[in-house]
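Here is the structure we will look at.
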Amino acid sequence: MSKYELKGIKKINLKPGQERQLEFELTPRQMALIDNDGNCILEPGVFEVFVGGSQPDDRSAELTGTVVKKCFFEVK
């Protein structure tokens with residue numbers, strides 16, 4: 001299983017210093033996994049969501065000079 005997956009993508013353009021508030025939705029289907037039998041399941045747990053223009057890793061931050069934002073949500 002991959003460590004990161006693209007979900008709920010929305011592309012915008014901002015000028016330097018410009019800010020904008022965005023909303024996007026992650027559906028249960030987008031958060032679901034496919035088990036070994038091919039069933040779509042949504043497992044409970046805490047999920048970490050990253051928002052930004054690159055991968056959420058140190059190397060990307062070093063190369064781009066920006067750090068992605070992150071938040072958490074829980075599926076019960």
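Simple scheme: letters A, B, ... for chains in structure tokens order, numbers from 1 for residues in each chain, numbers from 1 for ligands in the order shown.
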Problem set entry | Expected answer as number ranges by chain: strand (DSSP E) residues in chain A | A: 33-34, 40-41, 45-51, 69-75
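Going from CA of Ala61 (chain A) over to CA of Val46 (chain A), you cover 24.2 Å.
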Exercise. What's the 12 Å shell around Pro28 (chain A), counting only C-alpha atoms, without same-chain residues fewer than 4 positions away, as a PyMOL selection string?
Worked result: chain A and resi 7-8+32-33+40-44+74-76
I need the chosen residues saved as a compact mmCIF listing (two decimals), in the first residue's frame, with N, CA and C atoms.
```txt
# COMPACT_ATOMS: atom_id res chain seq x y z
N LYS A 7 -6.24 12.59 -3.39
CA LYS A 7 -7.69 12.52 -3.23
C LYS A 7 -8.24 13.94 -3.20
N GLY A 8 -9.44 14.13 -3.72
CA GLY A 8 -10.11 15.43 -3.62
C GLY A 8 -9.29 16.57 -4.17
N ALA A 32 -11.87 4.70 1.37
CA ALA A 32 -12.00 3.25 1.53
C ALA A 32 -10.79 2.52 0.96
N LEU A 33 -10.61 1.31 1.43
CA LEU A 33 -9.57 0.41 0.95
C LEU A 33 -10.24 -0.79 0.30
N CYS A 40 -14.84 -3.29 -0.87
CA CYS A 40 -14.53 -1.92 -0.52
C CYS A 40 -14.89 -1.71 0.95
N ILE A 41 -13.89 -1.38 1.78
CA ILE A 41 -14.13 -1.22 3.22
C ILE A 41 -13.57 0.11 3.70
N LEU A 42 -14.25 0.70 4.65
CA LEU A 42 -13.79 1.92 5.29
C LEU A 42 -13.43 1.55 6.72
N GLU A 43 -12.15 1.49 6.98
CA GLU A 43 -11.69 1.09 8.31
C GLU A 43 -11.71 2.27 9.26
N PRO A 44 -12.09 2.04 10.51
CA PRO A 44 -12.05 3.12 11.49
C PRO A 44 -10.61 3.48 11.82
N GLU A 74 -11.12 11.64 12.23
CA GLU A 74 -11.33 10.28 12.72
C GLU A 74 -12.57 9.66 12.10
N VAL A 75 -12.44 8.40 11.70
CA VAL A 75 -13.56 7.60 11.23
C VAL A 75 -13.86 6.60 12.33
N LYS A 76 -15.10 6.60 12.81
CA LYS A 76 -15.47 5.69 13.90
C LYS A 76 -16.26 4.53 13.37
```
Exercise. Between CA of Leu6 (chain A) and CA of Asp35 (chain A), what is the distance, to one decimal in Å?
Worked result: 19.3 Å
For this session: Calculate how many Å separate CA of Cys71 (chain A) from CA of Lys15 (chain A), rounding to one decimal.
Result: 24.1 Å
